[in-house]
Structures are given as C-alpha cells and as structure tokens.
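Coordinates from data-v6.txt are shown below (compact mmCIF, C-alpha atoms).
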# COMPACT_ATOMS: atom_id res chain seq x y z
CA MET A 1 2.24 19.32 -10.33
CA SER A 2 2.50 17.52 -7.00
CA SER A 3 1.94 13.83 -6.31
CA LEU A 4 -1.47 14.68 -4.84
CA ASP A 5 -2.44 16.69 -7.93
CA TYR A 6 -1.29 13.83 -10.14
CA PHE A 7 -3.43 11.21 -8.40
CA ASN A 8 -6.44 13.50 -8.24
CA GLU A 9 -6.10 14.02 -11.99
CA ILE A 10 -5.83 10.35 -12.97
CA ALA A 11 -8.28 8.89 -10.43
CA LYS A 12 -10.97 8.02 -12.98
CA SER A 13 -8.43 6.19 -15.13
CA TRP A 14 -6.45 4.60 -12.31
CA ASN A 15 -7.92 1.10 -12.55
CA VAL A 16 -6.76 0.82 -16.16
CA ILE A 17 -3.38 2.46 -15.47
CA ARG A 18 -2.76 0.24 -12.44
CA SER A 19 -3.53 -2.94 -14.36
CA GLU A 20 -0.74 -2.08 -16.80
CA TYR A 21 1.83 -1.84 -13.98
CA PHE A 22 1.03 -4.97 -11.98
CA ASP A 23 -1.57 -7.70 -12.17
CA GLU A 24 -4.34 -9.02 -9.94
CA ARG A 25 -2.24 -11.87 -8.57
CA LEU A 26 -0.55 -9.44 -6.20
CA LYS A 27 -3.85 -8.93 -4.39
CA TYR A 28 -4.23 -12.61 -3.60
CA LYS A 29 -0.60 -13.00 -2.53
CA VAL A 30 -1.01 -10.11 -0.09
CA LEU A 31 -4.32 -11.40 1.26
CA SER A 32 -2.82 -14.83 1.90
CA LYS A 33 -0.28 -13.45 4.40
CA VAL A 34 -2.61 -12.95 7.36
CA ASN A 35 -6.07 -13.93 8.58
CA ILE A 36 -8.32 -10.86 8.64
CA LYS A 37 -11.58 -12.62 9.52
CA ASP A 38 -13.61 -10.27 11.74
CA LYS A 39 -10.59 -7.98 12.20
CA VAL A 40 -10.32 -4.20 11.98
CA VAL A 41 -7.99 -3.39 9.10
CA ALA A 42 -6.62 -0.32 7.32
CA ASP A 43 -5.72 -0.02 3.65
CA LEU A 44 -3.26 2.86 3.29
CA GLY A 45 -2.92 4.56 -0.08
CA CYS A 46 -6.03 2.65 -1.05
CA GLY A 47 -6.49 4.35 -4.42
CA THR A 48 -9.72 3.18 -6.02
CA GLY A 49 -10.07 0.20 -3.69
CA PHE A 50 -7.90 -2.50 -5.26
CA LEU A 51 -7.39 -4.10 -1.83
CA SER A 52 -10.17 -2.50 0.21
CA LEU A 53 -12.98 -4.17 -1.73
CA ALA A 54 -11.45 -7.60 -1.17
CA LEU A 55 -10.66 -6.91 2.49
CA ALA A 56 -14.28 -5.94 3.13
CA LEU A 57 -15.45 -9.48 2.36
CA ASP A 58 -13.81 -10.86 5.54
CA ALA A 59 -12.83 -7.97 7.82
CA SER A 60 -15.28 -6.45 10.26
CA ILE A 61 -14.19 -2.89 9.44
CA VAL A 62 -11.98 -1.51 6.66
CA PHE A 63 -10.51 1.97 6.95
CA SER A 64 -9.83 2.90 3.34
CA ILE A 65 -7.29 5.72 3.51
CA ASP A 66 -5.87 7.98 0.81
CA GLN A 67 -4.81 11.62 0.56
CA SER A 68 -6.54 12.00 -2.82
CA VAL A 69 -10.18 13.03 -2.60
CA ASN A 70 -10.81 11.92 -6.17
CA MET A 71 -9.36 8.46 -5.53
CA LEU A 72 -11.64 8.12 -2.50
CA LYS A 73 -14.63 9.20 -4.61
CA GLU A 74 -13.91 6.47 -7.15
CA SER A 75 -13.46 3.94 -4.36
CA ARG A 76 -16.78 4.95 -2.77
CA LYS A 77 -18.58 4.40 -6.08
CA LEU A 78 -17.35 0.79 -6.18
CA VAL A 79 -18.16 0.25 -2.51
CA GLU A 80 -21.71 1.47 -3.06
CA THR A 81 -22.10 -0.62 -6.22
CA LYS A 82 -21.12 -3.74 -4.27
CA LYS A 83 -23.34 -2.67 -1.34
CA LEU A 84 -20.55 -2.99 1.21
CA ASN A 85 -21.37 -1.36 4.54
CA ASN A 86 -18.12 -1.92 6.44
CA VAL A 87 -15.76 0.29 4.43
CA TYR A 88 -15.00 3.75 5.79
CA SER A 89 -13.23 6.17 3.46
CA ILE A 90 -10.86 8.58 5.20
CA ARG A 91 -8.70 11.31 3.73
CA SER A 92 -5.28 11.30 5.37
CA SER A 93 -1.60 11.43 4.53
CA ILE A 94 0.29 8.21 5.28
CA ASP A 95 3.07 9.83 7.29
CA ASN A 96 0.60 11.56 9.64
CA LEU A 97 -2.32 9.15 9.99
CA VAL A 98 -5.57 10.33 11.55
CA LEU A 99 -6.29 6.97 13.21
CA PHE A 100 -5.94 6.49 16.98
CA ASP A 101 -3.06 4.63 18.64
CA GLU A 102 -3.43 0.84 18.58
CA SER A 103 -6.80 1.03 16.79
CA VAL A 104 -6.39 -1.58 14.03
CA ASP A 105 -5.43 -5.24 13.89
CA VAL A 106 -3.83 -5.29 10.46
CA VAL A 107 -2.45 -2.54 8.23
CA PHE A 108 -1.95 -3.02 4.49
CA ILE A 109 -0.07 -0.63 2.22
CA ASN A 110 0.11 -1.81 -1.36
CA MET A 111 2.35 -0.13 -3.96
CA ALA A 112 2.03 3.22 -2.22
CA LEU A 113 5.01 3.60 0.11
CA HIS A 114 7.34 4.66 -2.72
CA HIS A 115 5.13 7.75 -3.14
CA VAL A 116 5.68 8.86 0.48
CA LYS A 117 8.50 11.35 0.93
CA ASP A 118 9.22 10.38 4.54
CA ALA A 119 8.66 6.64 4.18
CA LYS A 120 10.47 5.84 7.42
CA LYS A 121 8.20 8.16 9.40
CA ALA A 122 5.20 6.58 7.70
CA ILE A 123 6.28 3.14 8.94
CA GLY A 124 6.50 4.58 12.44
CA GLU A 125 2.92 5.83 12.06
CA MET A 126 1.82 2.36 10.98
CA HIS A 127 3.41 0.87 14.09
CA ARG A 128 1.57 3.44 16.21
CA ILE A 129 -1.91 2.57 14.96
CA ILE A 130 -1.46 -1.23 15.05
CA LYS A 131 -2.67 -3.11 18.12
CA LYS A 132 -0.31 -5.32 20.11
CA ASN A 133 0.06 -8.65 18.28
CA GLY A 134 -1.12 -6.90 15.13
CA THR A 135 0.44 -7.11 11.69
CA LEU A 136 1.72 -4.78 8.98
CA ILE A 137 1.90 -5.93 5.37
CA ILE A 138 3.84 -3.81 2.88
CA SER A 139 3.85 -4.74 -0.80
CA ASP A 140 6.00 -2.53 -3.00
CA VAL A 141 8.70 -2.45 -5.64
CA GLN A 142 12.30 -3.52 -5.27
CA GLU A 143 15.07 -1.06 -6.07
CA HIS A 144 15.31 -0.03 -9.72
CA ASN A 145 16.95 2.62 -11.90
CA GLY A 146 13.89 4.04 -13.67
CA GLU A 147 14.60 7.68 -12.86
CA TRP A 148 11.76 8.77 -15.16
CA ALA A 149 9.28 7.50 -12.59
CA LYS A 150 10.20 10.37 -10.28
CA GLU A 151 9.16 12.91 -12.89
CA GLU A 152 6.24 11.17 -14.55
CA MET A 153 4.77 9.06 -11.72
CA PHE A 154 5.85 11.35 -8.87
CA ASP A 155 7.67 8.50 -7.15
CA GLU A 156 9.68 9.65 -4.14
CA TRP A 157 11.63 6.38 -4.00
CA LEU A 158 12.95 4.13 -6.77
CA GLY A 159 11.89 1.07 -4.80
CA PHE A 160 13.37 -0.32 -1.59
CA SER A 161 16.00 -2.90 -0.75
CA ASN A 162 15.17 -5.75 1.63
CA GLN A 163 17.86 -4.53 4.01
CA GLN A 164 16.50 -0.98 4.09
CA MET A 165 12.93 -2.20 4.64
CA GLU A 166 13.92 -4.61 7.40
CA GLN A 167 15.96 -1.94 9.17
CA TRP A 168 13.12 0.59 9.11
CA LEU A 169 10.61 -1.95 10.39
CA ILE A 170 12.81 -3.06 13.27
CA GLU A 171 13.67 0.55 14.19
CA ALA A 172 9.95 1.35 14.23
CA GLY A 173 9.44 -1.35 16.87
CA PHE A 174 8.27 -4.40 14.93
CA ASN A 175 9.79 -7.51 16.46
CA THR A 176 9.21 -10.07 13.70
CA VAL A 177 9.97 -9.22 10.07
CA ASN A 178 9.77 -11.51 7.04
CA ILE A 179 10.33 -10.30 3.49
CA GLU A 180 9.47 -12.28 0.37
CA ASN A 181 10.72 -11.27 -3.06
CA THR A 182 7.86 -12.49 -5.22
CA GLU A 183 8.00 -13.63 -8.82
CA LEU A 184 5.65 -10.78 -9.76
CA LYS A 185 6.90 -7.77 -11.69
CA CYS A 186 6.03 -4.10 -11.87
CA LYS A 187 6.66 -2.62 -15.30
CA GLY A 188 6.10 0.59 -17.14
CA TYR A 189 7.11 2.85 -20.00
CA SER A 190 8.00 6.52 -19.79
CA SER A 191 6.58 9.07 -22.20
CA LYS A 192 9.89 8.76 -24.08
CA GLY A 193 9.62 4.99 -24.38
CA GLU A 194 12.02 4.11 -21.56
CA TYR A 195 11.11 0.69 -20.15
CA THR A 196 11.53 -0.23 -16.50
CA GLU A 197 10.78 -3.61 -14.91
CA THR A 198 11.41 -4.49 -11.30
CA GLY A 199 10.37 -7.11 -8.78
CA ILE A 200 7.71 -6.79 -6.11
CA PHE A 201 8.34 -7.70 -2.48
CA ILE A 202 5.94 -8.40 0.37
CA ALA A 203 7.10 -7.57 3.90
CA VAL A 204 5.18 -8.95 6.89
CA ALA A 205 5.98 -7.36 10.25
CA ASN A 206 4.46 -8.22 13.61
CA LYS A 207 3.98 -5.96 16.61
CA GLY A 208 4.03 -8.33 19.54
CA GLY A 209 4.44 -12.01 20.23
CA LEU A 210 2.81 -13.74 17.27
CA ASN A 211 5.00 -15.06 14.47
CA TYR A 212 3.75 -15.06 10.89
CA GLU A 213 5.88 -17.13 8.53
CA ILE A 214 6.19 -16.55 4.81

Encoding of this model in structure tokens:
Amino acid sequence: MSSLDYFNEIAKSWNVIRSEYFDERLKYKVLSKVNIKDKVVADLGCGTGFLSLALALDASIVFSIDQSVNMLKESRKLVETKKLNNVYSIRSSIDNLVLFDESVDVVFINMALHHVKDAKKAIGEMHRIIKKNGTLIISDVQEHNGEWAKEEMFDEWLGFSNQQMEQWLIEAGFNTVNIENTELKCKGYSSKGEYTETGIFIAVANKGGLNYEI
C-alpha cells in the first residue's frame, strides 16, 4: 500500500484518528502567526479540512489541496455543511503543485510535509507559488525515533530538525525564517504497542521584505 492508498482508505475516519495524534490547539497557534484577512491562501495536504475550514472564515479564497480524492470528498462535505463558498478543492501532489507562480499570499502546510518524499523540492514549490512579501507557515513534527511510523503511517520522514528546516527554507529563497518549538506534542502507538511522542514546531518564512516575528 502506498501513502496515497493509505489516506484514501482512512479518509472517513481521519478526523478521529487525527485528534488522537495532536489536539485542536495547534490550529489556533498556526492561525495566530499571520494575518490572512481578505488574502488568497493555500492549505497543502489539507486532509479533511482541519485548517481550511478555519481559514475560510477570514481569507478571501482558500485553495484546499490534497493528493487524496477521498480526503477532498470528506473536506467538501464539511465545506458544504458550513455553506462556505470561498473554498476550492484541488487534487495535487505537494512537490509538483498545480497552482500558478506567485498566485497566493500565504501557504499553510500542517502535519503533512513528513509524508512528502522530496520534502525539499516541495518547499521550493511553495516558494514558487507565494507572492512577493508572502508567507509560508509549516507546522510539523520534530525529529523522533518512531521507525514504526514509516511502515504504519507511511511517513517518509521521522520529523525534521530546526537546522534542516531553516536550511531548506533559505535555500528555497525565503529571506526571513523563524522557527518555534511549541509545547504541543504529537503522539501515537504502533500496532505492536510502541509509543512515540515528539514535539511540534511552527516555521514561519517570508518571501520578500516583511518580517514576521514569533
């Protein structure tokens, strides 16, 4: 089974599964990092809309992007239930985004980058689609040793170090990078009862002359 097959299979259960790994507070921490009022934003690896639904309350347009058709279907159900008319669901891989160059003000990718095989290339794609003076916000897990996650969760990366993340962002062309190691944790059990707990970081990177402080 591939990562795509896995997420297509668990889409209907993802909201419950996700809530066991990390809690709602992460959403509000991420949203507090940048003003999205009337902005065009993208939510990469959107899943069932954990961030997209909240972004839609303030942003003018939300591109809700995932490679899993079933995840997008579940997200659309919630969008329609809430009668939101500014969320556009798009199927796309993260390392080869279908969006135009410099087409969005802010890009969010929450707890999804560790599922991308070529994560560095994906960050380059994010830089490409962000407008000048735009912002990228990555929230993901810090490095850990839970090898089981590669087999059972189809993780490509066992988290990221601050140094690695900062280096990739600068090499992609972002000129201001701030990384916060939050007090929040991501935790899970393998099918064999192995327990892994690791921290969650939030990286804010700017493309241009504005400076966002954490």

Would you tabulate, counting all atoms listed in the file, all residues of range 91-204 of chain A that have an atom at most 8 Å from an atom of range 16-28 of chain A, showing the closest pair of atoms and their distance in Å to one decimal, sorted by chain then ascending number, as a tab-separated table?
residue	atom	partner	partner_atom	distance
A:Leu184	CA	A:Leu26	CA	7.3
A:Lys185	CA	A:Phe22	CA	6.5
A:Cys186	CA	A:Phe22	CA	5.1
A:Lys187	CA	A:Tyr21	CA	5.1
A:Gly188	CA	A:Tyr21	CA	5.8

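Comparing A:Met153, A:Leu169, A:Cys46, A:Ile202 by their smallest distance to Arg76 in chain A, the closest is A:Cys46 (using all atoms listed in the file).
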
(message) Residues near range 130-139 of chain A, anyone? I mean within 9 Å using only C-alpha atoms, not counting same-chain ones fewer than 2 positions away, as a ChimeraX atom specification.
(response) /A:26,30,33-34,101-113,125-128,141,174,200-212

(request) Extract, using all atoms listed in the file, all DNA, RNA and protein residues at most 12 Å from Ala119 in chain A, discarding same-chain residues fewer than 3 positions from it, and format them as number ranges by chain. (result) A: 93-96, 109, 112-116, 122-126, 138, 140, 155-157, 159-160, 164-165, 168-169, 172

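For the residues A:Ser89, A:Thr48, A:Gln163, A:Gln142, ranking by smallest atom-to-atom distance to Ser64 in chain A using all atoms listed in the file places A:Ser89 first.
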
(request) Identify which of the residues A:Thr176, A:Ile170, A:Lys121, A:Thr196 lies closest to Trp148 in chain A, counting all atoms listed in the file when measuring atom-to-atom distances. (result) A:Thr196

(message) Please compute the CA of Asn181 in chain A-CA of Asn145 in chain A distance, one decimal, in Å.
(response) 17.6 Å

(request) Tell me, in Å to one decimal, how far CA of Val177 in chain A is from CA of Ser68 in chain A. (result)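 These two atoms are separated by 29.8 Å.
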
(message) List as a PyMOL selection string the residues having at least one atom at most 9 Å from position (-6.3, 0.1, 0.5) as given in the file, counting all atoms listed in the file.
(response) chain A and resi 42-53+55+62-66+108-110
